[in-house]
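Have a look at data-v9.cif; it's mmCIF, C-alpha atoms and all ligand atoms:
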data_coords
loop_
_atom_site.label_atom_id
_atom_site.label_comp_id
_atom_site.auth_asym_id
_atom_site.auth_seq_id
_atom_site.Cartn_x
_atom_site.Cartn_y
_atom_site.Cartn_z
CA MET A 1 149.78 42.44 125.03
CA SER A 2 149.60 46.22 125.44
CA GLU A 3 146.34 47.68 126.76
CA ASP A 4 147.59 51.18 125.98
CA LYS A 5 145.06 52.86 123.71
CA HIS A 6 147.28 55.85 122.97
CA ILE A 7 148.41 56.12 119.39
CA ARG A 8 151.59 57.89 118.37
CA LEU A 9 150.43 59.67 115.23
CA ALA A 10 153.04 61.16 112.90
CA VAL A 11 151.54 63.85 110.68
CA ILE A 12 153.86 64.32 107.71
CA VAL A 13 153.79 67.58 105.76
CA GLY A 14 154.77 66.47 102.27
CA SER A 15 155.27 69.69 100.32
CA VAL A 16 158.54 71.52 100.88
CA ARG A 17 158.61 74.29 98.30
CA GLU A 18 158.95 78.01 99.07
CA GLY A 19 155.51 79.62 99.42
CA ARG A 20 153.74 76.28 99.84
CA PHE A 21 150.14 75.96 100.96
CA GLY A 22 150.77 72.73 102.88
CA PRO A 23 151.22 74.27 106.37
CA THR A 24 147.69 75.75 106.24
CA VAL A 25 146.23 72.30 105.60
CA ALA A 26 148.51 70.77 108.22
CA GLU A 27 147.54 73.28 110.89
CA TRP A 28 143.85 72.66 110.32
CA PHE A 29 144.31 68.89 110.30
CA THR A 30 146.43 68.68 113.45
CA GLY A 31 143.75 70.75 115.20
CA GLN A 32 141.23 68.08 114.21
CA ALA A 33 143.46 65.17 115.28
CA ARG A 34 144.18 66.78 118.66
CA GLN A 35 140.45 66.78 119.43
CA PHE A 36 140.69 63.00 119.70
CA ASP A 37 142.11 61.89 123.05
CA GLN A 38 143.80 58.79 121.69
CA PHE A 39 146.41 60.60 119.58
CA ASP A 40 149.83 61.87 120.59
CA VAL A 41 150.51 64.02 117.52
CA ASP A 42 154.02 64.56 116.15
CA VAL A 43 154.09 66.97 113.20
CA ILE A 44 156.98 66.14 110.86
CA ASP A 45 157.53 68.92 108.35
CA LEU A 46 159.56 67.52 105.48
CA ALA A 47 160.85 71.01 104.67
CA ASP A 48 163.19 70.41 107.63
CA PHE A 49 164.53 67.17 106.17
CA ALA A 50 163.90 66.46 102.47
CA PRO A 51 166.19 69.23 101.09
CA LYS A 52 169.10 67.78 103.12
CA LEU A 53 168.85 64.24 101.73
CA PRO A 54 170.68 63.16 98.58
CA LEU A 55 168.34 62.03 95.79
CA THR A 56 170.25 58.79 95.41
CA LEU A 57 170.67 56.32 98.26
CA THR A 58 174.40 56.75 98.69
CA PRO A 59 176.41 55.13 101.50
CA GLU A 60 178.66 58.24 101.73
CA LEU A 61 176.24 60.53 103.51
CA PRO A 62 177.05 64.24 103.91
CA THR A 63 176.99 65.40 107.53
CA GLU A 64 173.76 67.37 107.16
CA ALA A 65 172.04 64.28 105.71
CA GLN A 66 173.29 62.16 108.61
CA GLU A 67 171.93 64.71 111.05
CA ALA A 68 168.62 64.93 109.21
CA LEU A 69 168.16 61.15 109.23
CA GLY A 70 169.37 60.96 112.84
CA SER A 71 166.49 63.21 113.82
CA LEU A 72 163.82 62.04 111.38
CA SER A 73 164.21 58.24 111.29
CA PRO A 74 163.56 57.59 115.02
CA ARG A 75 160.40 59.71 114.87
CA LEU A 76 159.11 57.60 111.98
CA ALA A 77 160.12 54.41 113.80
CA GLU A 78 158.25 55.43 116.96
CA ALA A 79 155.00 56.20 115.14
CA ASP A 80 152.08 53.75 115.36
CA ALA A 81 150.31 55.45 112.44
CA PHE A 82 150.91 58.12 109.81
CA VAL A 83 148.85 60.82 108.16
CA ILE A 84 150.51 62.19 105.05
CA ILE A 85 149.45 65.65 103.96
CA THR A 86 150.25 65.95 100.29
CA PRO A 87 149.48 68.13 97.29
CA GLU A 88 149.22 66.74 93.79
CA TYR A 89 152.10 67.57 91.45
CA ASN A 90 151.69 66.39 87.85
CA HIS A 91 149.12 63.75 88.81
CA SER A 92 151.33 62.34 91.56
CA TYR A 93 153.15 63.16 94.82
CA PRO A 94 155.99 65.65 95.44
CA ALA A 95 159.56 64.45 94.82
CA GLY A 96 160.74 65.43 98.31
CA LEU A 97 158.09 63.22 99.88
CA LYS A 98 159.12 60.25 97.73
CA SER A 99 162.75 60.82 98.66
CA VAL A 100 161.97 60.65 102.39
CA ILE A 101 159.83 57.54 101.84
CA ASP A 102 162.69 55.88 99.93
CA TRP A 103 165.24 56.65 102.64
CA HIS A 104 163.24 54.43 105.03
CA PHE A 105 161.98 50.87 105.05
CA THR A 106 161.25 49.19 108.38
CA GLN A 107 159.75 52.42 109.75
CA TRP A 108 156.68 51.97 107.49
CA GLN A 109 156.20 48.24 107.82
CA ALA A 110 152.92 46.82 109.13
CA LYS A 111 151.67 50.30 110.01
CA PRO A 112 148.61 52.21 108.74
CA ILE A 113 148.89 55.32 106.58
CA SER A 114 146.17 57.87 105.83
CA PHE A 115 146.13 60.77 103.41
CA VAL A 116 144.99 64.37 103.53
CA THR A 117 145.28 65.69 99.99
CA TYR A 118 144.80 68.96 98.18
CA GLY A 119 145.27 70.20 94.65
CA GLY A 120 143.19 71.42 91.74
CA MET A 121 140.07 69.77 90.34
CA ALA A 122 141.03 66.30 91.58
CA GLY A 123 141.70 67.48 95.14
CA GLY A 124 145.08 65.77 95.20
CA LEU A 125 143.47 62.33 95.08
CA ARG A 126 145.79 61.16 92.32
CA ALA A 127 148.72 61.74 94.67
CA ALA A 128 147.03 59.51 97.26
CA GLU A 129 146.31 56.77 94.73
CA ALA A 130 149.93 56.83 93.55
CA LEU A 131 151.17 56.64 97.15
CA ARG A 132 149.06 53.54 97.77
CA LEU A 133 151.21 51.66 95.25
CA VAL A 134 154.41 52.89 96.88
CA PHE A 135 153.30 51.92 100.38
CA ALA A 136 152.10 48.48 99.29
CA GLU A 137 155.70 47.80 98.29
CA LEU A 138 156.80 48.94 101.76
CA HIS A 139 154.44 46.53 103.58
CA ALA A 140 152.27 49.37 104.90
CA ILE A 141 148.47 49.48 105.00
CA THR A 142 146.79 52.49 103.40
CA ILE A 143 143.43 53.60 104.78
CA ARG A 144 140.44 53.67 102.45
CA ASP A 145 138.92 57.07 103.23
CA THR A 146 140.85 60.28 102.65
CA VAL A 147 140.32 63.94 103.40
CA SER A 148 140.65 65.88 100.15
CA PHE A 149 140.40 69.56 99.29
CA HIS A 150 139.42 70.48 95.76
CA GLY A 151 140.26 73.83 94.19
CA GLY A 152 143.55 74.36 96.01
CA ALA A 153 143.83 77.34 98.32
CA TYR A 154 140.24 78.39 97.45
CA ALA A 155 138.99 75.51 99.59
CA PHE A 156 140.18 77.53 102.63
CA ASP A 157 139.12 80.96 103.88
CA ASP A 158 141.46 83.79 104.86
CA LYS A 159 141.59 82.47 108.43
CA GLY A 160 143.04 79.18 107.23
CA GLN A 161 139.83 77.22 107.82
CA PRO A 162 138.07 75.03 105.25
CA ARG A 163 135.11 76.81 103.63
CA ASP A 164 133.18 73.56 104.11
CA ALA A 165 134.21 73.21 107.75
CA THR A 166 131.51 70.67 108.63
CA GLY A 167 132.20 68.43 105.66
CA ALA A 168 135.96 68.55 106.24
CA ALA A 169 135.65 67.78 109.96
CA SER A 170 133.31 64.89 109.18
CA ALA A 171 135.73 63.47 106.59
CA ALA A 172 138.60 63.79 109.08
CA LYS A 173 136.62 61.90 111.74
CA VAL A 174 135.78 59.02 109.38
CA MET A 175 139.40 58.74 108.32
CA LEU A 176 140.77 58.99 111.88
CA ASP A 177 138.30 56.36 113.14
CA GLN A 178 139.52 53.93 110.48
CA LEU A 179 143.14 54.83 111.22
CA THR A 180 142.60 54.21 114.95
CA TRP A 181 141.24 50.73 114.33
CA TRP A 182 144.18 49.79 112.14
CA ALA A 183 146.78 51.43 114.38
CA LEU A 184 145.64 49.46 117.44
CA ALA A 185 145.13 46.21 115.53
CA LEU A 186 148.52 46.36 113.84
CA ARG A 187 150.39 47.42 116.98
CA GLU A 188 148.90 44.48 118.89
CA ALA A 189 149.78 42.18 116.01
CA ARG A 190 153.37 43.48 115.79
CA GLU A 191 153.79 42.97 119.54
CA LYS A 192 152.41 39.45 119.40
CA ARG A 193 154.23 38.43 116.25
CA PRO A 194 157.03 40.73 114.99
CA TYR A 195 156.53 41.47 111.32
CA LYS A 196 159.24 40.04 109.08
CA ALA A 197 159.71 41.32 105.56
C1 LIG B 1 154.82 71.38 89.95
C2 LIG B 1 153.33 71.42 90.21
C3 LIG B 1 152.51 70.52 89.56
C4 LIG B 1 151.14 70.53 89.82
N1 LIG B 1 150.37 69.58 89.22
C5 LIG B 1 149.05 69.49 89.56
C6 LIG B 1 148.25 68.43 89.05
O1 LIG B 1 148.70 67.59 88.30
N2 LIG B 1 146.96 68.36 89.42
C7 LIG B 1 146.41 69.27 90.28
O2 LIG B 1 145.24 69.15 90.61
N3 LIG B 1 147.14 70.29 90.79
C8 LIG B 1 148.45 70.41 90.46
N4 LIG B 1 149.21 71.42 90.97
C9 LIG B 1 148.57 72.36 91.89
C10 LIG B 1 148.92 72.03 93.33
O3 LIG B 1 148.39 70.79 93.74
C11 LIG B 1 148.41 73.13 94.26
O4 LIG B 1 148.94 74.37 93.84
C12 LIG B 1 148.84 72.87 95.70
O5 LIG B 1 148.29 73.89 96.51
C13 LIG B 1 150.35 72.86 95.84
O6 LIG B 1 150.70 72.54 97.15
P1 LIG B 1 151.87 73.31 97.92
O7 LIG B 1 151.60 74.80 97.76
O8 LIG B 1 151.77 72.86 99.36
O9 LIG B 1 153.15 72.92 97.27
C14 LIG B 1 150.57 71.46 90.71
C15 LIG B 1 151.43 72.40 91.33
C16 LIG B 1 152.79 72.37 91.10
C17 LIG B 1 153.69 73.35 91.83
#
Final structure tokens representation of the file:
Amino acid sequence: MSEDKHIRLAVIVGSVREGRFGPTVAEWFTGQARQFDQFDVDVIDLADFAPKLPLTLTPELPTEAQEALGSLSPRLAEADAFVIITPEYNHSYPAGLKSVIDWHFTQWQAKPISFVTYGGMAGGLRAAEALRLVFAELHAITIRDTVSFHGGAYAFDDKGQPRDATGAASAAKVMLDQLTWWALALREAREKRPYKA
């Protein structure tokens, strides 16, 4: 069994629209994650991939979709754990994020997934709750505690830092501690007994 305590953490930026706020949240969060020695952080910006994937799962893939999946899928497969950074769109998650989720299956299985959410009054939490149902179907484990930013862009100052920096950092630590436990436990379990779905 592996004694390696390093965790390959894929941070997925889920909003892909022009003028999006997501990268500000992602930059802050990856700065937090990189303060923890155990994480090798891979930032996966879905703006590089989601627009190239057909909305239906077709066997006749255009070349740019093949190239996108050829680059994206191995990075998802290599991850021990995921943090999904997502806004809330109409009480749920963005369509591009769902498309990328649907284009994959084994890459999510028996792995832990955390959420960093942002939006209006509800802080994007409805997107996280909707994603829990999706990932249950994909045999993934979603982590209880989230990091959520209420009030959209107003939760951040003009330097791209949360106005409640202490509260946000504390929430990130709680979430990353839980994610670490699950990432190590599930990796050991997958090594000992390959997960079959
Ligand atoms: C199509 C759309 C639908 C939205 N629906 C909601 C919503 O249901 N609840 C909410 O709190 N915020 C909602 N918002 C606000 C977004 O969560 C907020 O603007 C967020 O910063 C958008 O993230 P992005 O800029 O990274 O795309 C919506 C925004 C868009 C563009």
#### Entry: Protein and nucleic acid residues within 12 Å of ligand LIG 1 (chain B) (all atoms listed in the file) as an NGL selection string
:A and (13-26 or 45-47 or 85-97 or 116-128 or 148-156)
### Summary
Restricting to all atoms listed in the file, whichever of A:Gln109, A:Ser99, A:Thr142, A:Ser170 is closest to Phe29 (chain A) is A:Ser170
Shell of 10 Å around region 31-33 of chain A, only C-alpha atoms, local chain residues under 4 positions omitted, as a compact mmCIF listing (two decimals) with C-alpha atoms, in the coordinates of the input:
# COMPACT_ATOMS: atom_id res chain seq x y z
CA LEU A 9 150.43 59.67 115.23
CA VAL A 11 151.54 63.85 110.68
CA ALA A 26 148.51 70.77 108.22
CA GLU A 27 147.54 73.28 110.89
CA ASP A 37 142.11 61.89 123.05
CA GLN A 38 143.80 58.79 121.69
CA PHE A 39 146.41 60.60 119.58
CA ASP A 40 149.83 61.87 120.59
CA VAL A 41 150.51 64.02 117.52
CA VAL A 83 148.85 60.82 108.16
CA ALA A 168 135.96 68.55 106.24
CA ALA A 169 135.65 67.78 109.96
CA SER A 170 133.31 64.89 109.18
CA ALA A 172 138.60 63.79 109.08
CA LYS A 173 136.62 61.90 111.74
CA LEU A 176 140.77 58.99 111.88
### Message
Tell me which residues come within 12 Å of (146.2, 57.6, 112.3), as a PyMOL selection string, counting only C-alpha atoms in the file's coordinates.
### Response
chain A and resi 6-12+29-30+32-34+36+38-42+79-84+111-116+141-143+145-146+172-187
Please save C-alpha atoms of the selected residues as a tab-separated table (two decimals), in the frame of the given file.
chain	number	residue	atom	x	y	z
A	6	HIS	CA	147.28	55.85	122.97
A	7	ILE	CA	148.41	56.12	119.39
A	8	ARG	CA	151.59	57.89	118.37
A	9	LEU	CA	150.43	59.67	115.23
A	10	ALA	CA	153.04	61.16	112.90
A	11	VAL	CA	151.54	63.85	110.68
A	12	ILE	CA	153.86	64.32	107.71
A	29	PHE	CA	144.31	68.89	110.30
A	30	THR	CA	146.43	68.68	113.45
A	32	GLN	CA	141.23	68.08	114.21
A	33	ALA	CA	143.46	65.17	115.28
A	34	ARG	CA	144.18	66.78	118.66
A	36	PHE	CA	140.69	63.00	119.70
A	38	GLN	CA	143.80	58.79	121.69
A	39	PHE	CA	146.41	60.60	119.58
A	40	ASP	CA	149.83	61.87	120.59
A	41	VAL	CA	150.51	64.02	117.52
A	42	ASP	CA	154.02	64.56	116.15
A	79	ALA	CA	155.00	56.20	115.14
A	80	ASP	CA	152.08	53.75	115.36
A	81	ALA	CA	150.31	55.45	112.44
A	82	PHE	CA	150.91	58.12	109.81
A	83	VAL	CA	148.85	60.82	108.16
A	84	ILE	CA	150.51	62.19	105.05
A	111	LYS	CA	151.67	50.30	110.01
A	112	PRO	CA	148.61	52.21	108.74
A	113	ILE	CA	148.89	55.32	106.58
A	114	SER	CA	146.17	57.87	105.83
A	115	PHE	CA	146.13	60.77	103.41
A	116	VAL	CA	144.99	64.37	103.53
A	141	ILE	CA	148.47	49.48	105.00
A	142	THR	CA	146.79	52.49	103.40
A	143	ILE	CA	143.43	53.60	104.78
A	145	ASP	CA	138.92	57.07	103.23
A	146	THR	CA	140.85	60.28	102.65
A	172	ALA	CA	138.60	63.79	109.08
A	173	LYS	CA	136.62	61.90	111.74
A	174	VAL	CA	135.78	59.02	109.38
A	175	MET	CA	139.40	58.74	108.32
A	176	LEU	CA	140.77	58.99	111.88
A	177	ASP	CA	138.30	56.36	113.14
A	178	GLN	CA	139.52	53.93	110.48
A	179	LEU	CA	143.14	54.83	111.22
A	180	THR	CA	142.60	54.21	114.95
A	181	TRP	CA	141.24	50.73	114.33
A	182	TRP	CA	144.18	49.79	112.14
A	183	ALA	CA	146.78	51.43	114.38
A	184	LEU	CA	145.64	49.46	117.44
A	185	ALA	CA	145.13	46.21	115.53
A	186	LEU	CA	148.52	46.36	113.84
A	187	ARG	CA	150.39	47.42	116.98
### Task
One decimal, Å: what's the distance from CA of Gly160 (chain A) over to CA of Trp28 (chain A), could you say?
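These atoms are spaced 7.3 Å apart.
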### Query
Distance CA of Pro74 (chain A)-CA of Ala140 (chain A), one decimal place?
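Going from CA of Pro74 (chain A) over to CA of Ala140 (chain A), I get 17.2 Å.
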### Task
Record the distance separating CA of Ser73 (chain A) and CA of His104 (chain A), expressed in Å with one decimal.
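These atoms are spaced 7.4 Å apart.
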Using all atoms of region 30-48 of chain A listed in the file and a margin of 5 Å per side, can you give the axis-aligned box centre and edge lengths in Å to one decimal, as AutoDock Vina command-line options?
--center_x 151.8 --center_y 64.9 --center_z 113.9 --size_x 32.7 --size_y 22.2 --size_z 28.4
### Query
Counting only C-alpha atoms, which of A:Trp108, A:Ala136, A:Leu61, A:Ala165 gets nearest to Glu78 (chain A)?
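Between A:Trp108, A:Ala136, A:Leu61, A:Ala165, the residue approaching Glu78 (chain A) most closely is A:Trp108.
For Glu67 (chain A), the list of residues within 10 Å, based on all atoms listed in the file and with local chain neighbours fewer than 6 positions off taken out, reads A:Phe49, A:Lys52, A:Leu53, A:Leu61.
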### Query
Of the candidates A:Ala110, A:Glu60, A:Ala50, A:Lys98, which shows the shortest atom-to-atom distance to Glu188 (chain A), using all atoms listed in the file?
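Under the stated criterion, the closest residue is A:Ala110.
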